[in-house]
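A.B. asks: Contents are mmCIF, C-alpha atoms and all ligand atoms; file name structure_10.cif:
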data_structure
loop_
_atom_site.label_atom_id
_atom_site.label_comp_id
_atom_site.auth_asym_id
_atom_site.auth_seq_id
_atom_site.Cartn_x
_atom_site.Cartn_y
_atom_site.Cartn_z
CA MET B 8 0.00 0.00 0.00
CA GLN B 9 1.42 3.39 -1.03
CA VAL B 10 -0.05 6.40 0.77
CA ASN B 11 0.80 10.06 0.04
CA ILE B 12 -0.69 12.89 2.08
CA SER B 13 -0.28 16.41 0.66
CA ILE B 14 -1.29 19.37 2.82
CA LEU B 15 -3.29 21.68 0.54
CA VAL B 16 -4.56 24.06 3.20
CA GLU B 17 -3.09 24.83 6.60
CA ASN B 18 -2.81 28.13 8.43
CA THR B 19 0.77 28.81 7.36
CA THR B 20 3.28 28.00 4.65
CA PRO B 21 7.00 28.66 4.15
CA ILE B 22 6.56 28.36 0.37
CA PRO B 23 6.08 31.76 -1.38
CA ALA B 24 4.05 30.36 -4.29
CA LEU B 25 1.45 28.89 -1.92
CA THR B 26 -1.19 30.51 0.27
CA GLY B 27 -1.61 29.84 3.97
CA GLU B 28 -5.26 29.99 5.06
CA TYR B 29 -6.93 29.36 8.40
CA GLY B 30 -8.28 25.82 8.13
CA PHE B 31 -7.31 22.43 6.84
CA SER B 32 -7.41 20.36 3.67
CA ALA B 33 -5.28 17.43 2.54
CA LEU B 34 -5.17 15.26 -0.54
CA ILE B 35 -4.76 11.63 0.40
CA SER B 36 -3.64 9.30 -2.36
CA ILE B 37 -3.94 5.59 -1.60
CA ASP B 38 -2.45 3.39 -4.33
CA GLY B 39 -3.31 6.17 -6.80
CA ARG B 40 -6.89 6.64 -5.61
CA LYS B 41 -7.43 10.22 -4.49
CA ILE B 42 -9.53 11.27 -1.52
CA LEU B 43 -9.80 14.91 -0.47
CA PHE B 44 -10.02 15.47 3.28
CA ASP B 45 -11.69 18.82 4.15
CA THR B 46 -11.66 21.97 2.01
CA GLY B 47 -10.29 24.96 4.00
CA SER B 48 -12.04 28.25 4.86
CA ALA B 49 -11.99 30.13 1.51
CA ASP B 50 -10.28 29.47 -1.83
CA ALA B 51 -6.64 28.63 -1.01
CA LEU B 52 -7.46 25.01 -1.85
CA PHE B 53 -7.82 25.85 -5.53
CA HIS B 54 -4.76 28.09 -5.82
CA ASN B 55 -2.54 25.67 -3.90
CA ALA B 56 -3.78 22.61 -5.83
CA ARG B 57 -2.89 24.38 -9.11
CA GLN B 58 0.53 25.36 -7.81
CA MET B 59 1.21 21.84 -6.49
CA GLY B 60 0.13 20.16 -9.73
CA ILE B 61 -2.85 18.45 -8.11
CA LYS B 62 -5.87 17.93 -10.36
CA LEU B 63 -9.00 18.24 -8.23
CA GLU B 64 -11.12 16.81 -11.06
CA GLU B 65 -9.37 13.49 -10.38
CA VAL B 66 -10.77 13.45 -6.83
CA SER B 67 -13.93 11.36 -6.68
CA ASP B 68 -14.42 11.22 -2.93
CA LEU B 69 -14.40 13.94 -0.30
CA LEU B 70 -14.43 13.41 3.45
CA ILE B 71 -15.58 16.30 5.61
CA SER B 72 -14.29 15.90 9.16
CA HIS B 73 -16.90 18.15 10.83
CA GLY B 74 -19.24 21.06 10.14
CA HIS B 75 -17.01 24.09 10.84
CA PHE B 76 -16.43 26.69 8.11
CA ASP B 77 -12.64 26.27 8.13
CA HIS B 78 -13.03 22.70 6.85
CA THR B 79 -16.06 23.06 4.62
CA SER B 80 -15.93 26.38 2.74
CA GLY B 81 -14.36 24.98 -0.44
CA MET B 82 -17.06 22.32 -0.89
CA LEU B 83 -19.39 24.28 -3.15
CA ALA B 84 -16.77 25.53 -5.61
CA LEU B 85 -15.14 22.09 -5.60
CA CYS B 86 -18.39 20.45 -6.71
CA SER B 87 -19.43 23.15 -9.18
CA ASP B 88 -16.00 23.67 -10.82
CA PHE B 89 -14.41 20.22 -10.59
CA GLY B 90 -17.33 17.84 -11.02
CA GLY B 91 -19.77 16.52 -8.42
CA LYS B 92 -18.14 14.60 -5.61
CA ARG B 93 -19.23 11.82 -3.32
CA ILE B 94 -19.07 13.41 0.14
CA PHE B 95 -18.66 11.23 3.21
CA THR B 96 -19.62 13.13 6.32
CA HIS B 97 -21.70 13.11 9.50
CA PRO B 98 -25.38 14.11 9.23
CA ASN B 99 -24.87 16.88 11.85
CA ILE B 100 -22.56 19.03 9.72
CA PHE B 101 -25.40 21.27 8.56
CA ALA B 102 -26.50 22.10 12.11
CA ASP B 103 -26.46 25.79 13.09
CA LYS B 104 -23.02 25.97 14.72
CA SER B 105 -21.44 28.89 16.54
CA ILE B 106 -18.78 29.85 19.06
CA LEU B 107 -19.15 31.95 22.20
CA SER B 108 -16.32 34.46 22.59
CA SER B 109 -14.78 35.47 25.92
CA ARG B 110 -16.69 38.80 25.58
CA GLY B 111 -19.95 36.88 25.27
CA ASP B 112 -20.50 37.41 21.51
CA ILE B 113 -21.85 34.60 19.40
CA ARG B 114 -20.22 34.06 16.02
CA LYS B 115 -21.55 31.66 13.39
CA ILE B 116 -18.92 29.10 12.38
CA GLY B 117 -20.98 26.49 10.54
CA VAL B 118 -21.02 25.37 6.90
CA PRO B 119 -21.52 28.58 4.84
CA PHE B 120 -24.06 27.10 2.42
CA SER B 121 -27.01 24.73 2.47
CA LYS B 122 -27.14 21.05 1.70
CA GLN B 123 -29.47 21.85 -1.21
CA GLU B 124 -26.92 24.22 -2.80
CA LEU B 125 -24.37 21.42 -2.66
CA LEU B 126 -26.81 18.88 -4.12
CA ASP B 127 -27.57 21.34 -6.93
CA ALA B 128 -23.81 21.56 -7.63
CA GLY B 129 -23.62 17.77 -8.06
CA ALA B 130 -22.67 16.63 -4.55
CA GLU B 131 -23.76 13.16 -3.52
CA PHE B 132 -23.84 12.70 0.26
CA VAL B 133 -23.04 9.53 2.14
CA PHE B 134 -23.88 10.26 5.76
CA VAL B 135 -22.10 8.13 8.33
CA ASP B 136 -21.97 8.22 12.11
CA LYS B 137 -20.41 4.84 12.82
CA PHE B 138 -17.03 3.30 12.07
CA CYS B 139 -17.12 2.10 8.45
CA GLU B 140 -14.82 0.97 5.65
CA ILE B 141 -15.00 3.12 2.51
CA LEU B 142 -12.20 1.41 0.54
CA PRO B 143 -10.24 -1.73 1.36
CA GLY B 144 -8.24 -0.83 4.49
CA VAL B 145 -9.58 2.75 4.60
CA PHE B 146 -12.03 3.67 7.33
CA ILE B 147 -14.03 6.60 8.66
CA SER B 148 -14.08 6.64 12.45
CA GLY B 149 -17.72 7.62 12.83
CA GLU B 150 -18.49 9.31 16.15
CA ILE B 151 -15.51 8.99 18.48
CA PRO B 152 -16.27 7.99 22.08
CA ARG B 153 -15.07 10.58 24.63
CA LYS B 154 -13.31 8.38 27.17
CA ASN B 155 -10.53 10.60 28.59
CA GLU B 156 -11.77 13.14 31.11
CA PHE B 157 -8.79 15.45 30.40
CA GLU B 158 -9.91 16.02 26.80
CA ASP B 159 -12.73 18.25 25.59
CA THR B 160 -13.80 19.88 22.32
CA GLY B 161 -11.26 22.68 22.82
CA GLY B 162 -13.54 25.72 22.76
CA ASN B 163 -16.88 27.30 23.71
CA PHE B 164 -18.72 25.72 20.81
CA ARG B 165 -22.48 26.07 20.59
CA ILE B 166 -25.25 24.57 18.48
CA GLN B 167 -28.84 25.72 17.93
CA ALA B 168 -31.33 23.18 19.29
CA GLY B 169 -34.86 24.49 18.63
CA ASN B 170 -35.02 27.89 20.35
CA GLU B 171 -32.04 27.18 22.56
CA LEU B 172 -28.34 27.59 22.08
CA VAL B 173 -26.68 24.60 23.73
CA VAL B 174 -23.14 23.25 24.07
CA ASP B 175 -21.95 21.62 20.85
CA GLU B 176 -20.13 18.39 21.70
CA LEU B 177 -19.04 18.16 18.04
CA LEU B 178 -20.29 14.59 17.69
CA ASP B 179 -19.79 15.11 13.95
CA ASP B 180 -15.99 15.18 14.45
CA MET B 181 -14.59 12.17 12.57
CA ALA B 182 -11.16 11.00 11.42
CA LEU B 183 -9.89 9.00 8.45
CA ILE B 184 -8.01 5.84 9.36
CA ILE B 185 -5.78 3.96 6.92
CA ASP B 186 -4.73 0.44 7.89
CA HIS B 187 -1.26 0.51 6.30
CA PRO B 188 0.85 -2.67 6.61
CA ASP B 189 3.44 -0.67 8.63
CA GLY B 190 0.89 0.85 11.03
CA LEU B 191 -2.19 3.05 11.19
CA ILE B 192 -2.27 6.44 9.49
CA ILE B 193 -4.84 8.72 11.14
CA VAL B 194 -5.92 12.02 9.55
CA SER B 195 -7.88 14.49 11.66
CA GLY B 196 -9.45 17.87 10.91
CA CYS B 197 -9.58 19.47 14.38
CA ALA B 198 -9.74 16.39 16.67
CA HIS B 199 -12.53 18.02 18.67
CA ALA B 200 -13.05 14.54 20.16
CA GLY B 201 -9.49 14.80 21.55
CA ILE B 202 -6.31 13.53 19.90
CA ILE B 203 -5.91 10.70 22.41
CA ASN B 204 -9.56 9.63 22.16
CA THR B 205 -9.18 9.66 18.37
CA ILE B 206 -6.02 7.54 18.31
CA ASP B 207 -7.34 5.15 21.00
CA TYR B 208 -10.55 4.58 19.04
CA ALA B 209 -8.70 4.01 15.75
CA CYS B 210 -6.52 1.39 17.47
CA LYS B 211 -9.49 -0.28 19.14
CA MET B 212 -11.58 -0.54 15.98
CA THR B 213 -8.73 -1.89 13.83
CA SER B 214 -7.19 -4.08 16.58
CA ARG B 215 -3.81 -2.47 15.91
CA SER B 216 -1.44 -0.69 18.25
CA LYS B 217 1.32 0.41 15.88
CA ILE B 218 0.69 3.94 14.55
CA LEU B 219 2.67 5.12 11.57
CA ALA B 220 1.37 8.68 11.67
CA PHE B 221 -1.20 11.09 13.01
CA VAL B 222 -1.67 14.04 10.63
CA GLY B 223 -3.87 17.11 11.12
CA GLY B 224 -5.39 19.49 13.63
CA THR B 225 -5.44 18.69 17.35
CA HIS B 226 -7.27 21.69 18.86
CA LEU B 227 -4.75 21.95 21.65
CA ILE B 228 -4.51 25.72 21.08
CA ASN B 229 -6.33 26.52 24.33
CA ALA B 230 -5.28 23.39 26.24
CA SER B 231 -4.60 23.68 29.96
CA GLU B 232 -1.25 22.62 31.40
CA GLU B 233 -2.93 19.51 32.79
CA ARG B 234 -4.37 18.58 29.42
CA MET B 235 -1.02 19.13 27.67
CA SER B 236 0.94 17.05 30.15
CA ARG B 237 -1.58 14.20 30.17
CA THR B 238 -1.76 14.27 26.35
CA ILE B 239 2.04 14.08 26.14
CA SER B 240 2.18 11.22 28.68
CA ALA B 241 -0.42 9.30 26.67
CA ILE B 242 1.48 9.86 23.40
CA LYS B 243 4.72 8.68 25.04
CA GLU B 244 3.03 5.41 25.93
CA MET B 245 1.95 4.84 22.33
CA ASP B 246 3.88 3.10 19.60
CA ILE B 247 3.70 6.07 17.22
CA GLU B 248 6.30 7.06 14.61
CA LYS B 249 5.23 10.50 13.43
CA ILE B 250 2.85 13.24 14.58
CA ALA B 251 2.34 16.00 12.01
CA VAL B 252 0.28 18.70 13.71
CA GLY B 253 -1.10 21.94 12.35
CA HIS B 254 -4.10 24.24 12.14
CA CYS B 255 -5.79 24.48 15.57
CA THR B 256 -2.82 22.96 17.39
CA GLY B 257 -1.41 26.45 17.98
CA PHE B 258 2.23 27.49 18.20
CA TYR B 259 2.79 26.87 21.91
CA ALA B 260 1.20 23.40 21.94
CA ALA B 261 3.18 22.43 18.83
CA ALA B 262 6.39 23.75 20.43
CA ARG B 263 5.66 21.86 23.65
CA LEU B 264 5.03 18.65 21.69
CA TYR B 265 8.28 19.17 19.77
CA ASN B 266 10.24 19.69 22.99
CA GLU B 267 8.84 16.45 24.38
CA LEU B 268 8.80 14.27 21.26
CA GLY B 269 11.73 15.61 19.23
CA SER B 270 11.94 14.59 15.59
CA ARG B 271 8.80 12.47 15.81
CA LEU B 272 6.87 15.78 15.84
CA VAL B 273 6.52 17.77 12.64
CA LYS B 274 4.65 21.04 12.13
CA ALA B 275 2.41 20.32 9.12
CA ASP B 276 2.48 23.36 6.81
CA THR B 277 0.68 24.02 3.54
CA GLY B 278 2.64 22.36 0.73
CA MET B 279 4.13 19.45 2.69
CA THR B 280 3.79 15.89 1.45
CA PHE B 281 4.17 12.81 3.64
CA ARG B 282 4.84 9.45 1.99
CA PHE B 283 4.23 6.08 3.60
FE FE B 301 -10.63 23.87 12.54
FE FE B 302 -13.35 22.78 14.16
#
Go ahead and express the file in the form of structure tokens.
C.D. replies:
Amino acid sequence: MQVNISILVENTTPIPALTGEYGFSALISIDGRKILFDTGSADALFHNARQMGIKLEEVSDLLISHGHFDHTSGMLALCSDFGGKRIFTHPNIFADKSILSSRGDIRKIGVPFSKQELLDAGAEFVFVDKFCEILPGVFISGEIPRKNEFEDTGGNFRIQAGNELVVDELLDDMALIIDHPDGLIIVSGCAHAGIINTIDYACKMTSRSKILAFVGGTHLINASEERMSRTISAIKEMDIEKIAVGHCTGFYAAARLYNELGSRLVKADTGMTFRF
């Protein structure tokens, strides 16, 4: 099995020809079959794909990790300009999602268009909420059980439930899991379920303990000292070769992880490709 993961959208890039954009998107090629994972927060996906020689019309399947704008905003243009895609995602992504700021303001952070607009652009939805295999050896986590009390969604996320604004537990947060002969490869958008919960669940459902790589966002940007130290202890107990973090990991959490894990930790920037 040959797996390439190219980061098309991440907050930053050291490459002048590319654009950094708040959000995440990665092209995952598995034995030549191309799956797009998330779509960023605006249009960097399209510019960066052109610059990196990636043909988005060759992508047949899209996985959306959860219903926040910084992972979903390229969906409509992707479907209308590059052919309708089959979109694997959780049924909750179209819920009315928001975030409560420290000043008490509510800001909408959900998908910036309707399901109908996407259907009209040629999208075909496959809604999943349970662990499932989408290609031989390639799985979507489904909803990830929240087992570790030191992990939470990472922010004051809210969701509209009838007339009430309630806490959004981000049950729609899902990861892609590739059962590579050398170990699991886990790709995450924001890991609102918690990075350790996500890795633990991937291992449990595949009955594997060797992890080749975790790639993506971790939402440790606001993590407490206790959460950071318990996360690092848990990672140190795992058999994991590479952790490529970006997006909502934040500079200080990434630096802390690097100090503790050394060369196993990589900051995933726009334009990087990982080969397994
Ligand atoms: Fe995010
Ligand atoms: Fe998010």
A.B. asks: Mind checking which residues fall within 9 Å of range 233-239 of chain B, counting all atoms listed in the file, ignoring those fewer than 2 positions away in the same chain, and posting them as a CSV table (one decimal) with C-alpha atoms, in the frame of the given file?
C.D. replies:
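Contents of selection06.csv, as written:
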chain,number,residue,atom,x,y,z
B,157,PHE,CA,-8.8,15.4,30.4
B,158,GLU,CA,-9.9,16.0,26.8
B,202,ILE,CA,-6.3,13.5,19.9
B,203,ILE,CA,-5.9,10.7,22.4
B,227,LEU,CA,-4.8,22.0,21.6
B,230,ALA,CA,-5.3,23.4,26.2
B,231,SER,CA,-4.6,23.7,30.0
B,241,ALA,CA,-0.4,9.3,26.7
B,242,ILE,CA,1.5,9.9,23.4
B,243,LYS,CA,4.7,8.7,25.0
B,244,GLU,CA,3.0,5.4,25.9
B,260,ALA,CA,1.2,23.4,21.9
B,263,ARG,CA,5.7,21.9,23.6
B,264,LEU,CA,5.0,18.6,21.7
B,267,GLU,CA,8.8,16.4,24.4
B,268,LEU,CA,8.8,14.3,21.3
A.B. asks: So, with all atoms listed in the file as the atoms that count, which of B:Ile113, B:Met212, B:Ala102, B:Val118 lies closest to Glu140 in chain B?
C.D. replies: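 Residue with the minimum atom-to-atom distance to Glu140 in chain B: B:Met212.
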A.B. asks: Go through chain B residue by residue and, counting all atoms listed in the file, keep those with an atom at most 8 Å from ligand FE 302 (chain B); for each kept residue give the shortest atom pair and its distance in Å to one decimal, ordered by chain and increasing number, as a Markdown table.
C.D. replies:
| residue | atom | partner | partner_atom | distance |
| --- | --- | --- | --- | --- |
| B:His73 | CA | B:FE302 | FE | 6.7 |
| B:Gly74 | CA | B:FE302 | FE | 7.3 |
| B:His75 | CA | B:FE302 | FE | 5.1 |
| B:Phe76 | CA | B:FE302 | FE | 7.8 |
| B:Asp77 | CA | B:FE302 | FE | 7.0 |
| B:His78 | CA | B:FE302 | FE | 7.3 |
| B:Gly196 | CA | B:FE302 | FE | 7.1 |
| B:Cys197 | CA | B:FE302 | FE | 5.0 |
| B:Ala198 | CA | B:FE302 | FE | 7.8 |
| B:His199 | CA | B:FE302 | FE | 6.6 |
| B:His226 | CA | B:FE302 | FE | 7.8 |
| B:Cys255 | CA | B:FE302 | FE | 7.9 |
A.B. asks: Taking all atoms listed in the file into account, which of B:Val133, B:Leu107, B:Ile71, B:Ile35 comes nearest ligand FE 301 (chain B)?
C.D. replies: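 Smallest separation from ligand FE 301 (chain B) among the options: B:Ile71.
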A.B. asks: I'd like the neighbourhood of range 20-28 of chain B as a ChimeraX atom specification, where a residue qualifies if any of its atoms comes within 8 Å (using all atoms listed in the file), though same-chain residues fewer than 6 positions away should be ignored.
C.D. replies: /B:47-49,51,54-55,58,276-278
A.B. asks: Smallest atom-to-atom distance to Leu177 in chain B: which of B:Ala130, B:Ile42, B:Ile106, B:Ile147, using all atoms listed in the file?
C.D. replies: B:Ile106
A.B. asks: Starting from the incomplete input, reconstruct N, CA and C atoms of range 94-128 of chain B and report them as a PDB file, keeping the file's coordinate frame.
C.D. replies:
ATOM      1  N   ILE B  94     -19.529  12.783  -1.107  1.00  0.00           N
ATOM      2  CA  ILE B  94     -19.070  13.410   0.140  1.00  0.00           C
ATOM      3  C   ILE B  94     -19.452  12.543   1.334  1.00  0.00           C
ATOM      4  N   PHE B  95     -18.436  11.991   1.976  1.00  0.00           N
ATOM      5  CA  PHE B  95     -18.660  11.230   3.210  1.00  0.00           C
ATOM      6  C   PHE B  95     -18.598  12.217   4.366  1.00  0.00           C
ATOM      7  N   THR B  96     -19.630  12.249   5.155  1.00  0.00           N
ATOM      8  CA  THR B  96     -19.620  13.130   6.320  1.00  0.00           C
ATOM      9  C   THR B  96     -20.701  12.710   7.303  1.00  0.00           C
ATOM     10  N   HIS B  97     -20.725  13.402   8.440  1.00  0.00           N
ATOM     11  CA  HIS B  97     -21.700  13.110   9.500  1.00  0.00           C
ATOM     12  C   HIS B  97     -22.977  13.924   9.223  1.00  0.00           C
ATOM     13  N   PRO B  98     -24.145  13.367   9.509  1.00  0.00           N
ATOM     14  CA  PRO B  98     -25.380  14.110   9.230  1.00  0.00           C
ATOM     15  C   PRO B  98     -25.506  15.431   9.980  1.00  0.00           C
ATOM     16  N   ASN B  99     -24.757  15.632  11.071  1.00  0.00           N
ATOM     17  CA  ASN B  99     -24.870  16.880  11.850  1.00  0.00           C
ATOM     18  C   ASN B  99     -24.125  18.063  11.256  1.00  0.00           C
ATOM     19  N   ILE B 100     -23.411  17.906  10.148  1.00  0.00           N
ATOM     20  CA  ILE B 100     -22.560  19.030   9.720  1.00  0.00           C
ATOM     21  C   ILE B 100     -23.346  20.274   9.354  1.00  0.00           C
ATOM     22  N   PHE B 101     -24.621  20.094   8.960  1.00  0.00           N
ATOM     23  CA  PHE B 101     -25.400  21.270   8.560  1.00  0.00           C
ATOM     24  C   PHE B 101     -26.142  21.927   9.729  1.00  0.00           C
ATOM     25  N   ALA B 102     -25.880  21.468  10.938  1.00  0.00           N
ATOM     26  CA  ALA B 102     -26.500  22.100  12.110  1.00  0.00           C
ATOM     27  C   ALA B 102     -26.013  23.547  12.228  1.00  0.00           C
ATOM     28  N   ASP B 103     -26.780  24.365  12.937  1.00  0.00           N
ATOM     29  CA  ASP B 103     -26.460  25.790  13.090  1.00  0.00           C
ATOM     30  C   ASP B 103     -25.406  25.940  14.197  1.00  0.00           C
ATOM     31  N   LYS B 104     -24.141  26.007  13.775  1.00  0.00           N
ATOM     32  CA  LYS B 104     -23.020  25.970  14.720  1.00  0.00           C
ATOM     33  C   LYS B 104     -22.449  27.359  14.958  1.00  0.00           C
ATOM     34  N   SER B 105     -22.011  27.581  16.199  1.00  0.00           N
ATOM     35  CA  SER B 105     -21.440  28.890  16.540  1.00  0.00           C
ATOM     36  C   SER B 105     -20.415  28.728  17.660  1.00  0.00           C
ATOM     37  N   ILE B 106     -19.750  29.852  17.958  1.00  0.00           N
ATOM     38  CA  ILE B 106     -18.780  29.850  19.060  1.00  0.00           C
ATOM     39  C   ILE B 106     -19.061  31.075  19.925  1.00  0.00           C
ATOM     40  N   LEU B 107     -18.919  30.888  21.225  1.00  0.00           N
ATOM     41  CA  LEU B 107     -19.150  31.950  22.200  1.00  0.00           C
ATOM     42  C   LEU B 107     -17.788  32.545  22.553  1.00  0.00           C
ATOM     43  N   SER B 108     -17.614  33.843  22.299  1.00  0.00           N
ATOM     44  CA  SER B 108     -16.320  34.460  22.590  1.00  0.00           C
ATOM     45  C   SER B 108     -16.212  34.778  24.077  1.00  0.00           C
ATOM     46  N   SER B 109     -14.986  35.136  24.503  1.00  0.00           N
ATOM     47  CA  SER B 109     -14.780  35.470  25.920  1.00  0.00           C
ATOM     48  C   SER B 109     -15.559  36.733  26.300  1.00  0.00           C
ATOM     49  N   ARG B 110     -15.899  37.589  25.294  1.00  0.00           N
ATOM     50  CA  ARG B 110     -16.690  38.800  25.580  1.00  0.00           C
ATOM     51  C   ARG B 110     -18.193  38.515  25.564  1.00  0.00           C
ATOM     52  N   GLY B 111     -18.543  37.256  25.264  1.00  0.00           N
ATOM     53  CA  GLY B 111     -19.950  36.880  25.270  1.00  0.00           C
ATOM     54  C   GLY B 111     -20.634  37.000  23.924  1.00  0.00           C
ATOM     55  N   ASP B 112     -19.883  37.336  22.853  1.00  0.00           N
ATOM     56  CA  ASP B 112     -20.500  37.410  21.510  1.00  0.00           C
ATOM     57  C   ASP B 112     -20.627  36.009  20.927  1.00  0.00           C
ATOM     58  N   ILE B 113     -21.653  35.870  20.113  1.00  0.00           N
ATOM     59  CA  ILE B 113     -21.850  34.600  19.400  1.00  0.00           C
ATOM     60  C   ILE B 113     -21.462  34.824  17.933  1.00  0.00           C
ATOM     61  N   ARG B 114     -20.621  33.956  17.421  1.00  0.00           N
ATOM     62  CA  ARG B 114     -20.220  34.060  16.020  1.00  0.00           C
ATOM     63  C   ARG B 114     -20.546  32.752  15.315  1.00  0.00           C
ATOM     64  N   LYS B 115     -21.186  32.860  14.157  1.00  0.00           N
ATOM     65  CA  LYS B 115     -21.550  31.660  13.390  1.00  0.00           C
ATOM     66  C   LYS B 115     -20.287  31.057  12.791  1.00  0.00           C
ATOM     67  N   ILE B 116     -20.111  29.751  12.944  1.00  0.00           N
ATOM     68  CA  ILE B 116     -18.920  29.100  12.380  1.00  0.00           C
ATOM     69  C   ILE B 116     -19.284  27.801  11.649  1.00  0.00           C
ATOM     70  N   GLY B 117     -20.546  27.714  11.208  1.00  0.00           N
ATOM     71  CA  GLY B 117     -20.980  26.490  10.540  1.00  0.00           C
ATOM     72  C   GLY B 117     -20.658  26.484   9.050  1.00  0.00           C
ATOM     73  N   VAL B 118     -21.189  25.493   8.345  1.00  0.00           N
ATOM     74  CA  VAL B 118     -21.020  25.370   6.900  1.00  0.00           C
ATOM     75  C   VAL B 118     -21.683  26.586   6.243  1.00  0.00           C
ATOM     76  N   PRO B 119     -20.972  27.310   5.350  1.00  0.00           N
ATOM     77  CA  PRO B 119     -21.520  28.580   4.840  1.00  0.00           C
ATOM     78  C   PRO B 119     -22.506  28.436   3.679  1.00  0.00           C
ATOM     79  N   PHE B 120     -23.008  27.254   3.422  1.00  0.00           N
ATOM     80  CA  PHE B 120     -24.060  27.100   2.420  1.00  0.00           C
ATOM     81  C   PHE B 120     -24.928  25.902   2.796  1.00  0.00           C
ATOM     82  N   SER B 121     -26.046  25.758   2.079  1.00  0.00           N
ATOM     83  CA  SER B 121     -27.010  24.730   2.470  1.00  0.00           C
ATOM     84  C   SER B 121     -26.699  23.406   1.779  1.00  0.00           C
ATOM     85  N   LYS B 122     -27.271  22.371   2.313  1.00  0.00           N
ATOM     86  CA  LYS B 122     -27.140  21.050   1.700  1.00  0.00           C
ATOM     87  C   LYS B 122     -27.720  21.080   0.288  1.00  0.00           C
ATOM     88  N   GLN B 123     -28.836  21.805   0.111  1.00  0.00           N
ATOM     89  CA  GLN B 123     -29.470  21.850  -1.210  1.00  0.00           C
ATOM     90  C   GLN B 123     -28.553  22.516  -2.243  1.00  0.00           C
ATOM     91  N   GLU B 124     -27.861  23.582  -1.858  1.00  0.00           N
ATOM     92  CA  GLU B 124     -26.920  24.220  -2.800  1.00  0.00           C
ATOM     93  C   GLU B 124     -25.849  23.239  -3.239  1.00  0.00           C
ATOM     94  N   LEU B 125     -25.398  22.410  -2.323  1.00  0.00           N
ATOM     95  CA  LEU B 125     -24.370  21.420  -2.660  1.00  0.00           C
ATOM     96  C   LEU B 125     -24.937  20.322  -3.561  1.00  0.00           C
ATOM     97  N   LEU B 126     -26.165  19.891  -3.268  1.00  0.00           N
ATOM     98  CA  LEU B 126     -26.810  18.880  -4.120  1.00  0.00           C
ATOM     99  C   LEU B 126     -26.984  19.435  -5.535  1.00  0.00           C
ATOM    100  N   ASP B 127     -27.383  20.706  -5.622  1.00  0.00           N
ATOM    101  CA  ASP B 127     -27.570  21.340  -6.930  1.00  0.00           C
ATOM    102  C   ASP B 127     -26.259  21.426  -7.708  1.00  0.00           C
ATOM    103  N   ALA B 128     -25.129  21.476  -6.975  1.00  0.00           N
ATOM    104  CA  ALA B 128     -23.810  21.560  -7.630  1.00  0.00           C
ATOM    105  C   ALA B 128     -23.255  20.167  -7.949  1.00  0.00           C
TER     106      ALA B 128
END
